[in-house]
>>> print(open('entry_10.csv').read())   # CSV, C-alpha atoms
chain,number,residue,atom,x,y,z
U,1,MET,CA,-143.8,15.0,-21.0
U,2,SER,CA,-144.7,14.9,-17.4
U,3,GLU,CA,-143.1,17.6,-15.2
U,4,PRO,CA,-142.0,16.5,-11.7
U,5,TRP,CA,-144.4,18.8,-10.0
U,6,GLU,CA,-147.3,17.0,-11.7
U,7,GLU,CA,-146.6,13.8,-9.7
U,8,GLU,CA,-149.6,14.5,-7.5
U,9,GLY,CA,-151.8,15.0,-10.6
U,10,PRO,CA,-152.8,18.2,-12.3
U,11,GLY,CA,-155.4,18.8,-9.6
U,12,THR,CA,-153.0,19.8,-6.9
U,13,VAL,CA,-153.9,23.4,-6.2
U,14,LYS,CA,-152.7,24.8,-2.9
U,15,LYS,CA,-153.5,28.2,-1.3
U,16,PHE,CA,-150.2,30.2,-1.4
U,17,MET,CA,-149.9,33.5,0.3
U,18,TYR,CA,-147.0,35.9,-0.1
U,19,VAL,CA,-146.6,38.0,2.9
U,20,ASN,CA,-145.0,41.4,2.4
U,21,ARG,CA,-144.0,43.3,5.5
U,22,LYS,CA,-141.0,45.2,4.3
U,23,ALA,CA,-140.6,48.6,2.5
U,24,PRO,CA,-139.1,48.7,-1.0
U,25,TYR,CA,-135.5,49.8,-1.9
U,26,GLY,CA,-134.0,49.8,1.6
U,27,THR,CA,-133.6,46.1,1.1
U,28,ILE,CA,-134.2,43.8,-1.8
U,29,TYR,CA,-136.9,41.7,-0.3
U,30,ALA,CA,-139.8,43.5,-1.9
U,31,LEU,CA,-138.4,43.2,-5.4
U,32,GLU,CA,-137.3,39.6,-5.1
U,33,SER,CA,-140.6,38.6,-3.5
U,34,LEU,CA,-142.4,40.1,-6.5
U,35,GLU,CA,-140.1,38.0,-8.8
U,36,VAL,CA,-141.3,34.8,-7.0
U,37,VAL,CA,-144.9,35.8,-7.4
U,38,LEU,CA,-144.4,36.3,-11.2
U,39,ILE,CA,-142.8,32.9,-11.6
U,40,ALA,CA,-145.3,31.2,-9.3
U,41,ALA,CA,-148.2,32.4,-11.5
U,42,ALA,CA,-147.2,29.7,-14.1
U,43,PHE,CA,-147.9,27.0,-11.6
U,44,GLU,CA,-151.6,27.8,-11.5
U,45,GLN,CA,-151.9,27.8,-7.7
U,46,ASP,CA,-154.4,29.7,-5.6
U,47,VAL,CA,-152.2,32.8,-5.1
U,48,SER,CA,-152.7,35.8,-2.9
U,49,MET,CA,-150.5,38.6,-1.7
U,50,ALA,CA,-150.8,40.3,1.7
U,51,PHE,CA,-149.3,43.7,2.4
U,52,LEU,CA,-149.0,44.7,6.0
U,53,ASP,CA,-146.7,46.7,8.3
U,54,ASP,CA,-144.1,48.4,6.1
U,55,GLY,CA,-145.1,46.2,3.2
U,56,VAL,CA,-147.9,48.6,2.4
U,57,TYR,CA,-145.2,51.1,1.3
U,58,GLN,CA,-144.4,48.8,-1.6
U,59,LEU,CA,-147.7,49.9,-3.2
U,60,LYS,CA,-147.3,53.7,-2.6
U,61,LYS,CA,-148.1,55.8,-5.7
U,62,GLY,CA,-145.6,58.0,-7.3
U,63,GLN,CA,-142.4,56.1,-6.7
U,64,ASP,CA,-139.5,57.9,-8.5
U,65,THR,CA,-136.2,56.1,-8.0
U,66,LYS,CA,-134.0,58.2,-10.4
U,67,GLY,CA,-132.2,59.8,-7.6
U,68,ILE,CA,-131.1,56.6,-5.9
U,69,GLY,CA,-129.9,54.7,-9.0
U,70,GLN,CA,-132.3,51.8,-8.5
U,71,LYS,CA,-134.9,50.5,-10.9
U,72,ASN,CA,-138.5,51.5,-10.1
U,73,PHE,CA,-140.2,48.2,-10.0
U,74,SER,CA,-143.5,49.5,-8.7
U,75,PRO,CA,-145.2,49.3,-12.2
U,76,THR,CA,-144.9,45.5,-11.9
U,77,TYR,CA,-147.6,45.4,-9.3
U,78,ARG,CA,-150.0,46.8,-12.0
U,79,ALA,CA,-148.9,44.0,-14.3
U,80,LEU,CA,-149.8,41.2,-11.8
U,81,GLU,CA,-153.4,41.1,-13.1
U,82,GLY,CA,-152.0,39.9,-16.4
U,83,TYR,CA,-150.5,37.0,-14.6
U,84,ASP,CA,-153.8,36.1,-13.0
U,85,VAL,CA,-152.6,37.3,-9.6
U,86,GLU,CA,-155.6,39.3,-8.6
U,87,LYS,CA,-155.9,38.8,-4.9
U,88,LEU,CA,-154.0,41.7,-3.3
U,89,TYR,CA,-154.9,42.3,0.3
U,90,VAL,CA,-153.8,45.4,2.2
U,91,GLU,CA,-154.3,45.7,5.9
U,92,ALA,CA,-156.3,48.7,6.9
U,93,GLU,CA,-154.6,49.2,10.3
U,94,SER,CA,-151.1,49.2,8.6
U,95,LEU,CA,-152.3,51.9,6.2
U,96,ALA,CA,-153.8,54.1,8.9
U,97,GLU,CA,-150.8,53.8,11.2
U,98,ARG,CA,-148.7,55.2,8.3
U,99,GLY,CA,-151.1,58.0,7.5
U,100,LEU,CA,-152.0,56.4,4.2
U,101,SER,CA,-155.3,55.6,2.6
U,102,GLU,CA,-156.4,53.4,-0.4
U,103,ASP,CA,-156.1,56.5,-2.6
U,104,ASP,CA,-152.4,56.5,-2.0
U,105,LEU,CA,-152.0,53.0,-3.6
U,106,LEU,CA,-150.9,52.4,-7.2
U,107,VAL,CA,-153.0,49.4,-7.9
U,108,PRO,CA,-156.6,48.3,-7.0
U,109,VAL,CA,-156.5,46.2,-3.8
U,110,GLU,CA,-158.8,44.8,-1.2
U,111,VAL,CA,-158.4,46.7,2.0
U,112,MET,CA,-159.3,44.5,5.0
U,113,SER,CA,-159.0,44.7,8.8
U,114,ARG,CA,-156.2,43.0,10.7
U,115,GLU,CA,-158.7,40.6,12.1
U,116,ALA,CA,-160.0,39.6,8.6
U,117,LEU,CA,-156.4,39.3,7.3
U,118,ALA,CA,-155.5,37.1,10.2
U,119,GLU,CA,-158.4,34.8,9.4
U,120,LEU,CA,-157.3,34.7,5.7
U,121,MET,CA,-153.7,33.8,6.7
U,122,ASN,CA,-155.1,31.0,8.8
U,123,GLU,CA,-156.8,29.5,5.7
U,124,GLN,CA,-153.6,29.3,3.7
U,125,GLU,CA,-151.6,26.2,3.1
U,126,VAL,CA,-148.3,27.6,2.2
U,127,ILE,CA,-147.1,31.0,3.5
U,128,LEU,CA,-144.0,32.5,2.0
U,129,SER,CA,-142.5,35.5,3.8
U,130,PHE,CA,-139.3,37.3,2.6
H,131,MET,CA,-143.5,13.9,6.7
H,132,LYS,CA,-142.1,15.7,3.7
H,133,TYR,CA,-140.3,19.0,4.4
H,134,GLY,CA,-139.1,21.9,2.3
H,135,ILE,CA,-136.9,24.7,3.7
H,136,LEU,CA,-136.4,28.2,2.4
H,137,VAL,CA,-133.2,30.0,3.4
H,138,ASN,CA,-133.3,33.8,2.7
H,139,GLU,CA,-130.1,35.0,4.3
H,140,GLY,CA,-126.4,34.5,3.6
H,141,PRO,CA,-124.2,32.6,6.0
H,142,TYR,CA,-122.3,34.4,8.9
H,143,GLN,CA,-124.2,37.8,8.4
H,144,HIS,CA,-127.4,36.4,10.0
H,145,GLN,CA,-128.2,33.3,12.0
H,146,ALA,CA,-130.9,32.2,9.6
H,147,SER,CA,-128.5,29.8,7.8
H,148,ASP,CA,-127.4,28.2,11.0
H,149,THR,CA,-130.9,27.8,12.3
H,150,ALA,CA,-132.0,26.4,8.9
H,151,TYR,CA,-129.1,23.9,9.0
H,152,GLN,CA,-129.9,22.8,12.6
H,153,PHE,CA,-133.5,22.5,11.8
H,154,ALA,CA,-132.7,20.5,8.6
H,155,LYS,CA,-130.5,18.1,10.7
H,156,ALA,CA,-133.3,17.6,13.2
H,157,VAL,CA,-135.8,16.9,10.4
H,158,LEU,CA,-133.5,14.1,9.1
H,159,ASP,CA,-132.7,12.8,12.6
H,160,LYS,CA,-136.4,12.4,13.2
H,161,GLY,CA,-136.7,10.3,10.1
H,162,HIS,CA,-138.7,12.8,8.0
H,163,GLU,CA,-138.0,13.4,4.4
H,164,LEU,CA,-136.2,16.6,3.5
H,165,TYR,CA,-137.4,17.1,0.0
H,166,ARG,CA,-135.4,20.3,-0.8
H,167,VAL,CA,-133.6,23.2,0.7
H,168,PHE,CA,-134.0,26.3,-1.5
H,169,PHE,CA,-131.7,29.3,-1.2
H,170,TYR,CA,-133.0,32.7,-2.1
H,171,HIS,CA,-132.0,36.4,-1.7
H,172,ASP,CA,-128.5,36.5,0.0
H,173,GLY,CA,-129.2,32.9,1.0
H,174,VAL,CA,-127.5,31.9,-2.3
H,175,ASN,CA,-124.2,32.7,-0.7
H,176,ASN,CA,-124.5,29.5,1.4
H,177,GLY,CA,-123.5,27.7,-1.8
H,178,THR,CA,-120.1,29.2,-2.5
H,179,ARG,CA,-117.1,26.9,-2.1
H,180,PHE,CA,-114.8,29.9,-2.1
H,181,ALA,CA,-115.6,31.0,1.5
H,182,VAL,CA,-112.7,30.5,3.9
H,183,PRO,CA,-113.9,31.1,7.4
H,184,PRO,CA,-111.4,31.1,10.3
H,185,GLN,CA,-110.2,27.7,11.3
H,186,ASP,CA,-112.2,27.6,14.6
H,187,ASP,CA,-115.4,28.8,12.9
H,188,ARG,CA,-118.1,26.5,11.4
H,189,LYS,CA,-117.9,26.0,7.7
H,190,ILE,CA,-121.5,26.5,6.6
H,191,ALA,CA,-121.2,25.7,2.9
H,192,GLU,CA,-119.3,22.5,3.8
H,193,LEU,CA,-121.9,21.5,6.3
H,194,TRP,CA,-124.6,21.7,3.6
H,195,SER,CA,-122.4,19.8,1.2
H,196,GLN,CA,-121.9,17.1,3.7
H,197,MET,CA,-125.6,16.9,4.3
H,198,ALA,CA,-126.2,16.5,0.5
H,199,GLU,CA,-123.6,13.8,0.3
H,200,ALA,CA,-124.8,11.9,3.3
H,201,HIS,CA,-128.6,12.2,2.7
H,202,GLY,CA,-128.9,13.1,-0.9
H,203,THR,CA,-130.5,16.4,0.1
H,204,ASP,CA,-131.5,18.5,-2.8
H,205,LEU,CA,-129.8,21.9,-2.3
H,206,VAL,CA,-131.1,24.4,-4.9
H,207,VAL,CA,-129.8,27.9,-5.4
H,208,CYS,CA,-132.1,30.4,-7.1
H,209,ILE,CA,-130.6,31.3,-10.5
H,210,ALA,CA,-131.9,34.9,-10.6
H,211,ALA,CA,-130.6,35.7,-7.1
H,212,ALA,CA,-127.3,33.8,-7.8
H,213,GLN,CA,-126.7,35.8,-11.0
H,214,ARG,CA,-127.1,39.1,-9.1
H,215,ARG,CA,-124.7,38.0,-6.4
H,216,GLY,CA,-122.0,36.3,-8.5
H,217,LEU,CA,-122.6,32.6,-7.7
H,218,LEU,CA,-122.0,30.5,-10.7
H,219,ASP,CA,-121.8,26.8,-11.7
H,220,GLU,CA,-119.9,25.6,-14.7
H,221,GLY,CA,-122.7,26.0,-17.2
H,222,GLU,CA,-123.7,29.5,-16.0
H,223,ALA,CA,-120.1,30.6,-16.1
H,224,LYS,CA,-119.8,29.5,-19.7
H,225,ARG,CA,-123.2,31.1,-20.6
H,226,GLN,CA,-122.3,34.4,-19.0
H,227,GLY,CA,-118.7,34.5,-20.2
H,228,LYS,CA,-117.2,34.4,-16.7
H,229,ASP,CA,-113.8,33.0,-16.0
H,230,GLY,CA,-114.7,30.6,-13.3
H,231,ASN,CA,-117.4,29.1,-11.1
H,232,ASN,CA,-117.7,28.9,-7.4
H,233,ILE,CA,-120.6,26.6,-6.5
H,234,ALA,CA,-120.0,24.2,-3.7
H,235,PRO,CA,-120.4,20.4,-4.1
H,236,GLY,CA,-124.0,19.2,-3.7
H,237,PHE,CA,-125.6,22.5,-4.7
H,238,ARG,CA,-127.3,23.1,-8.0
H,239,ILE,CA,-128.5,26.3,-9.6
H,240,SER,CA,-132.1,26.3,-10.8
H,241,GLY,CA,-135.2,28.5,-11.2
H,242,LEU,CA,-137.7,29.8,-8.7
H,243,GLY,CA,-140.1,27.2,-9.9
H,244,GLN,CA,-138.2,24.8,-7.7
H,245,LEU,CA,-139.4,26.7,-4.6
H,246,ILE,CA,-143.0,26.7,-5.7
H,247,GLU,CA,-142.8,23.1,-6.6
H,248,ALA,CA,-141.4,22.4,-3.1
H,249,GLY,CA,-144.4,24.3,-1.7
H,250,ILE,CA,-146.8,22.1,-3.7
H,251,GLN,CA,-145.0,18.8,-2.9
H,252,CYS,CA,-144.1,19.2,0.7
H,253,ASP,CA,-146.3,18.8,3.8
H,254,ARG,CA,-144.5,21.7,5.4
H,255,LEU,CA,-142.4,24.6,4.0
H,256,VAL,CA,-140.4,26.3,6.7
H,257,VAL,CA,-138.9,29.7,6.0
H,258,PHE,CA,-135.7,31.1,7.6
H,259,GLY,CA,-134.7,34.7,7.0
H,260,ASP,CA,-134.2,38.2,8.4
N,261,MET,CA,-156.3,24.1,10.9
N,262,SER,CA,-153.8,25.4,13.4
N,263,MET,CA,-150.7,27.4,12.6
N,264,LEU,CA,-147.2,27.7,14.1
N,265,HIS,CA,-145.7,31.2,14.0
N,266,THR,CA,-142.0,31.7,14.3
N,267,VAL,CA,-140.6,35.1,15.5
N,268,ASN,CA,-136.8,35.8,15.2
N,269,LYS,CA,-136.6,39.5,16.2
N,270,SER,CA,-136.0,41.1,19.6
N,271,PRO,CA,-139.1,43.0,20.6
N,272,PHE,CA,-136.8,45.8,21.6
N,273,GLU,CA,-135.7,46.3,18.0
N,274,ARG,CA,-138.6,45.5,15.8
N,275,ASN,CA,-142.4,45.2,15.8
N,276,THR,CA,-142.2,41.6,14.6
N,277,LEU,CA,-143.6,40.0,17.8
N,278,VAL,CA,-146.3,42.6,18.1
N,279,SER,CA,-147.3,42.1,14.5
N,280,CYS,CA,-147.3,38.3,14.9
N,281,LEU,CA,-149.5,38.5,18.1
N,282,GLY,CA,-151.8,40.8,16.3
N,283,HIS,CA,-152.4,38.2,13.5
N,284,ALA,CA,-152.1,34.9,15.4
N,285,THR,CA,-155.6,33.5,15.7
N,286,ALA,CA,-156.7,31.8,19.0
N,287,GLY,CA,-155.2,28.3,19.3
N,288,SER,CA,-152.2,28.9,17.1
N,289,ALA,CA,-148.7,28.4,18.6
N,290,ILE,CA,-145.8,30.8,18.7
N,291,LEU,CA,-142.1,29.8,18.7
N,292,LEU,CA,-139.5,32.4,19.5
N,293,ILE,CA,-136.1,31.7,17.9
N,294,GLU,CA,-132.8,33.6,17.3
N,295,ASP,CA,-133.1,37.2,18.7
N,296,GLY,CA,-136.8,36.5,19.2
N,297,VAL,CA,-135.9,34.7,22.4
N,298,TYR,CA,-135.5,38.0,24.2
N,299,GLY,CA,-139.3,38.3,24.0
N,300,ALA,CA,-139.7,35.2,26.2
N,301,LEU,CA,-137.9,36.6,29.2
N,302,GLU,CA,-139.4,37.5,32.6
N,303,GLY,CA,-138.9,41.0,34.0
N,304,THR,CA,-138.4,43.0,30.8
N,305,ALA,CA,-140.4,46.0,29.5
N,306,HIS,CA,-142.0,43.6,27.0
N,307,SER,CA,-142.8,40.6,29.3
N,308,ASP,CA,-146.5,41.6,29.6
N,309,LEU,CA,-146.9,41.4,25.8
N,310,LEU,CA,-146.1,37.7,25.8
N,311,ARG,CA,-147.8,36.9,29.1
N,312,GLY,CA,-151.0,38.3,27.5
N,313,ALA,CA,-150.5,35.9,24.6
N,314,LEU,CA,-150.4,32.9,26.8
N,315,ALA,CA,-154.2,33.1,27.3
N,316,ASP,CA,-154.9,32.2,23.7
N,317,HIS,CA,-151.7,30.6,22.5
N,318,SER,CA,-149.2,28.0,23.4
N,319,VAL,CA,-145.8,29.7,23.4
N,320,TYR,CA,-142.4,28.1,23.0
N,321,VAL,CA,-138.8,29.3,23.0
N,322,LEU,CA,-135.8,27.7,21.3
N,323,GLY,CA,-133.5,26.6,24.2
N,324,PRO,CA,-130.2,26.6,22.2
N,325,ASP,CA,-130.8,30.3,21.2
N,326,LEU,CA,-131.7,31.2,24.8
N,327,ASN,CA,-128.5,29.5,26.2
N,328,ALA,CA,-126.3,31.0,23.5
N,329,ARG,CA,-127.4,34.5,24.7
N,330,GLY,CA,-126.5,33.8,28.3
N,331,MET,CA,-130.1,33.1,29.4
N,332,THR,CA,-131.4,30.1,31.2
N,333,ASP,CA,-134.7,28.3,31.2
N,334,ASP,CA,-135.7,29.7,34.6
N,335,GLN,CA,-135.6,33.2,33.3
N,336,VAL,CA,-138.4,32.5,30.9
N,337,ILE,CA,-142.0,33.7,31.6
N,338,GLU,CA,-144.0,31.0,33.3
N,339,GLY,CA,-146.1,29.0,30.9
N,340,VAL,CA,-143.6,29.3,28.0
N,341,SER,CA,-142.1,25.9,27.1
N,342,VAL,CA,-138.4,25.5,26.2
N,343,VAL,CA,-137.8,23.3,23.2
N,344,ASP,CA,-134.7,22.1,21.2
N,345,TYR,CA,-134.4,21.8,17.4
N,346,GLY,CA,-136.1,18.4,17.6
N,347,GLY,CA,-138.9,20.0,19.5
N,348,PHE,CA,-139.1,22.7,16.8
N,349,VAL,CA,-139.5,20.0,14.2
N,350,ASP,CA,-142.2,18.3,16.3
N,351,LEU,CA,-144.1,21.6,16.5
N,352,THR,CA,-144.0,21.9,12.7
N,353,GLU,CA,-145.4,18.4,12.5
N,354,LYS,CA,-148.1,19.1,14.9
N,355,HIS,CA,-149.3,22.3,13.2
N,356,GLU,CA,-150.4,22.1,9.6
N,357,LYS,CA,-148.5,25.2,8.5
N,358,VAL,CA,-145.8,27.5,9.6
N,359,GLN,CA,-145.6,31.2,9.2
N,360,ALA,CA,-142.3,32.9,9.7
N,361,TRP,CA,-142.5,36.5,11.0
N,362,LEU,CA,-139.2,37.9,9.7
>>> encode(input="entry_10.csv", output="C-alpha cells")
Amino acid sequence: MSEPWEEEGPGTVKKFMYVNRKAPYGTIYALESLEVVLIAAAFEQDVSMAFLDDGVYQLKKGQDTKGIGQKNFSPTYRALEGYDVEKLYVEAESLAERGLSEDDLLVPVEVMSREALAELMNEQEVILSF
Amino acid sequence: MKYGILVNEGPYQHQASDTAYQFAKAVLDKGHELYRVFFYHDGVNNGTRFAVPPQDDRKIAELWSQMAEAHGTDLVVCIAAAQRRGLLDEGEAKRQGKDGNNIAPGFRISGLGQLIEAGIQCDRLVVFGD
Amino acid sequence: MSMLHTVNKSPFERNTLVSCLGHATAGSAILLIEDGVYGALEGTAHSDLLRGALADHSVYVLGPDLNARGMTDDQVIEGVSVVDYGGFVDLTEKHEKVQAWL
C-alpha cells in the first residue's frame, strides 16, 4: 500500500536539519525535539542535528536528574546512531563560550566552527527549530 | 507554492499562534496552497474547544476551526505532545479511559510523522515558536 | 540558495539576533517579527548591530508588530524595509528556505 508521503516517489530525500539552541530541563524543547528526530529517522531523509548556543548543554556528560523529578533523557543521544542519525554537529564557539570542550560531551560529535556551521545550515532544505 | 506551518507555542501565552494564523491567512489570500498546520509542544493547546477567552478577545481555536472549514486546511495536533498536555479526541479519550474529549472542530490528532511528511511535501516549512 | 531568517526576540532580552547574524551567510535575508522588531529601531544600544548587518543582508521588519508596540515606520533604521503579513509570505516565496531563530 502506498503511503501519502510516497506521492513524490520513494526517491524524495531532503536535507533536514534540527537546530538545537536551548538547554535541557528548564523547558521541554530539547526533549520533544529529540522525539521528532527519532520519529523522523523512519522517513529515511538526510538528517543532521546542530547544537549551538545553549543547545550544547543538551550533550553535557553526567546529567543526573534525580533531584528535580524529571527523566534524564540524555542517554537517548547515544541511541541516535542506532536510528541512523549520525550527523551531530556542535559549534566550537558555543562550547568555548561556555567553558566546555569536546571531552565534556556524552556522545561523539563533529565540532565545527560557526562559519562552517553557517555554511552547512545554508545547504539544508528543511530547517526545524524548536 | 505549497506551504507547511509548524506552531510550537500555545495560544495567548505567546504571540507565535497569532503570527502563525496571520501568516497562514496571508498564504491563502495570496492563492498559495496551505498543505498543513502542525501543532507541537504547547502549540497543541491551539486545538482545545474548551477555551473561553473574554468576549472582547480573539478566539484563536475558533479562528483555526473557521480556516479549516472555509479552506479545508489540515490542522494536525501531535499525539505525543497532546497526550502530555491533556488534549484528546474521541478515540484517544476512549483508548486512555478518560471521561471526555476537548478537541476543536477541524483539528485532528496524529503522529509526528505528519510534520516530517509536511517537510518533505511542502516547498516551504515555516516555524513559529518561542 | 538563499535563506530567510526570522528573529522574534528583543535583542535586549536574548542573544537570538546576535546568533542569527553570526550564522546568516552573505546574501541571506532577515525578517524581524514579534518582539524581534525592537532590534530594527534607530537610536537604541543595539542599533549598530543591525546597521552592520545591512552591508551583507537585506533586512525587513513586520509592520503590524512594530505598530502594535507603539513604534512607527520612521523609527526604523534606514535601509530596513517594513512589510506586512503578505510581504512576509512573499519573502518566504522568494527565498528557498526559512530558518526561525527562536
>>> interface_residues(input="entry_10.csv", of="chain U", to="chain N", cutoff="12 Å", atoms="all atoms listed in the file", output="MDAnalysis selection string")
chainID U and resid 15:22 29 52:54 91 93:94 113:130
>>> interface_residues(input="entry_10.csv", of="chain U", to="chain H", cutoff="10 Å", atoms="all atoms listed in the file", output="VMD selection string")
chain U and resid 4 to 8 12 to 16 28 to 29 32 to 33 35 to 43 45 125 to 130
>>> interface_residues(input="entry_10.csv", of="chain H", to="chain N", cutoff="10 Å", atoms="only C-alpha atoms", output="list in words")
Met131, Lys132, Tyr133, His144, Gln145, Ala146, Asp148, Thr149, Ala150, Gln152, Phe153, Ala154, Lys155, Ala156, Val157, Leu158, Asp159, Lys160, His162, Asp253, Arg254, Leu255, Val256, Val257, Phe258, Gly259 and Asp260 of chain H
>>> residues_around(input="entry_10.csv", residues="Asp64 of chain U", least_positions_apart="4", cutoff="12 Å", atoms="all atoms listed in the file", output="PDB file with C-alpha atoms, keeping the file's coordinate frame")
ATOM      1  CA  PRO U  24    -139.100  48.700  -1.000  1.00  0.00           C
ATOM      2  CA  TYR U  25    -135.500  49.800  -1.900  1.00  0.00           C
ATOM      3  CA  LYS U  60    -147.300  53.700  -2.600  1.00  0.00           C
ATOM      4  CA  ILE U  68    -131.100  56.600  -5.900  1.00  0.00           C
ATOM      5  CA  GLY U  69    -129.900  54.700  -9.000  1.00  0.00           C
ATOM      6  CA  GLN U  70    -132.300  51.800  -8.500  1.00  0.00           C
ATOM      7  CA  LYS U  71    -134.900  50.500 -10.900  1.00  0.00           C
ATOM      8  CA  ASN U  72    -138.500  51.500 -10.100  1.00  0.00           C
ATOM      9  CA  PHE U  73    -140.200  48.200 -10.000  1.00  0.00           C
ATOM     10  CA  SER U  74    -143.500  49.500  -8.700  1.00  0.00           C
ATOM     11  CA  PRO U  75    -145.200  49.300 -12.200  1.00  0.00           C
TER      12      PRO U  75
END
>>> atom_distance(input="entry_10.csv", atom1="atom CA of Leu164 of chain H", atom2="atom CA of Gly216 of chain H")
27.1 Å
>>> atom_distance(input="entry_10.csv", atom1="atom CA of Ser341 of chain N", atom2="atom CA of Gly299 of chain N")
13.1 Å
>>> build_atoms(input="entry_10.csv", residues="segment 55-69 of chain U", atoms="N, CA, C and O atoms", output="PDB file, in the frame of the given file")
ATOM      1  N   GLY U  55    -144.824  46.728   4.564  1.00  0.00           N
ATOM      2  CA  GLY U  55    -145.100  46.200   3.200  1.00  0.00           C
ATOM      3  C   GLY U  55    -146.068  47.050   2.436  1.00  0.00           C
ATOM      4  O   GLY U  55    -146.023  47.058   1.207  1.00  0.00           O
ATOM      5  N   VAL U  56    -146.926  47.799   3.130  1.00  0.00           N
ATOM      6  CA  VAL U  56    -147.900  48.600   2.400  1.00  0.00           C
ATOM      7  C   VAL U  56    -147.169  49.734   1.600  1.00  0.00           C
ATOM      8  O   VAL U  56    -147.679  50.205   0.588  1.00  0.00           O
ATOM      9  N   TYR U  57    -145.968  50.106   2.048  1.00  0.00           N
ATOM     10  CA  TYR U  57    -145.200  51.100   1.300  1.00  0.00           C
ATOM     11  C   TYR U  57    -144.800  50.663  -0.083  1.00  0.00           C
ATOM     12  O   TYR U  57    -144.500  51.477  -0.956  1.00  0.00           O
ATOM     13  N   GLN U  58    -144.791  49.343  -0.293  1.00  0.00           N
ATOM     14  CA  GLN U  58    -144.400  48.800  -1.600  1.00  0.00           C
ATOM     15  C   GLN U  58    -145.435  49.333  -2.674  1.00  0.00           C
ATOM     16  O   GLN U  58    -145.091  49.485  -3.842  1.00  0.00           O
ATOM     17  N   LEU U  59    -146.666  49.588  -2.250  1.00  0.00           N
ATOM     18  CA  LEU U  59    -147.700  49.900  -3.200  1.00  0.00           C
ATOM     19  C   LEU U  59    -147.974  51.441  -3.276  1.00  0.00           C
ATOM     20  O   LEU U  59    -148.924  51.890  -3.909  1.00  0.00           O
ATOM     21  N   LYS U  60    -147.133  52.244  -2.653  1.00  0.00           N
ATOM     22  CA  LYS U  60    -147.300  53.700  -2.600  1.00  0.00           C
ATOM     23  C   LYS U  60    -147.185  54.254  -4.062  1.00  0.00           C
ATOM     24  O   LYS U  60    -146.258  53.905  -4.784  1.00  0.00           O
ATOM     25  N   LYS U  61    -148.162  55.082  -4.423  1.00  0.00           N
ATOM     26  CA  LYS U  61    -148.100  55.800  -5.700  1.00  0.00           C
ATOM     27  C   LYS U  61    -146.919  56.697  -5.837  1.00  0.00           C
ATOM     28  O   LYS U  61    -146.422  57.184  -4.830  1.00  0.00           O
ATOM     29  N   GLY U  62    -146.533  56.961  -7.084  1.00  0.00           N
ATOM     30  CA  GLY U  62    -145.600  58.000  -7.300  1.00  0.00           C
ATOM     31  C   GLY U  62    -144.129  57.743  -7.007  1.00  0.00           C
ATOM     32  O   GLY U  62    -143.350  58.662  -6.786  1.00  0.00           O
ATOM     33  N   GLN U  63    -143.759  56.475  -6.979  1.00  0.00           N
ATOM     34  CA  GLN U  63    -142.400  56.100  -6.700  1.00  0.00           C
ATOM     35  C   GLN U  63    -141.468  56.634  -7.833  1.00  0.00           C
ATOM     36  O   GLN U  63    -141.759  56.400  -8.999  1.00  0.00           O
ATOM     37  N   ASP U  64    -140.416  57.324  -7.489  1.00  0.00           N
ATOM     38  CA  ASP U  64    -139.500  57.900  -8.500  1.00  0.00           C
ATOM     39  C   ASP U  64    -138.079  57.590  -7.972  1.00  0.00           C
ATOM     40  O   ASP U  64    -137.592  58.236  -7.051  1.00  0.00           O
ATOM     41  N   THR U  65    -137.429  56.611  -8.574  1.00  0.00           N
ATOM     42  CA  THR U  65    -136.200  56.100  -8.000  1.00  0.00           C
ATOM     43  C   THR U  65    -134.935  56.691  -8.763  1.00  0.00           C
ATOM     44  O   THR U  65    -133.813  56.259  -8.509  1.00  0.00           O
ATOM     45  N   LYS U  66    -135.175  57.653  -9.655  1.00  0.00           N
ATOM     46  CA  LYS U  66    -134.000  58.200 -10.400  1.00  0.00           C
ATOM     47  C   LYS U  66    -132.896  58.635  -9.556  1.00  0.00           C
ATOM     48  O   LYS U  66    -131.733  58.401  -9.852  1.00  0.00           O
ATOM     49  N   GLY U  67    -133.247  59.254  -8.456  1.00  0.00           N
ATOM     50  CA  GLY U  67    -132.200  59.800  -7.600  1.00  0.00           C
ATOM     51  C   GLY U  67    -131.403  58.808  -6.794  1.00  0.00           C
ATOM     52  O   GLY U  67    -130.357  59.169  -6.247  1.00  0.00           O
ATOM     53  N   ILE U  68    -131.863  57.551  -6.706  1.00  0.00           N
ATOM     54  CA  ILE U  68    -131.100  56.600  -5.900  1.00  0.00           C
ATOM     55  C   ILE U  68    -130.419  55.511  -6.790  1.00  0.00           C
ATOM     56  O   ILE U  68    -129.759  54.609  -6.280  1.00  0.00           O
ATOM     57  N   GLY U  69    -130.597  55.624  -8.088  1.00  0.00           N
ATOM     58  CA  GLY U  69    -129.900  54.700  -9.000  1.00  0.00           C
ATOM     59  C   GLY U  69    -130.425  53.277  -8.978  1.00  0.00           C
ATOM     60  O   GLY U  69    -129.730  52.356  -9.378  1.00  0.00           O
TER      61      GLY U  69
END
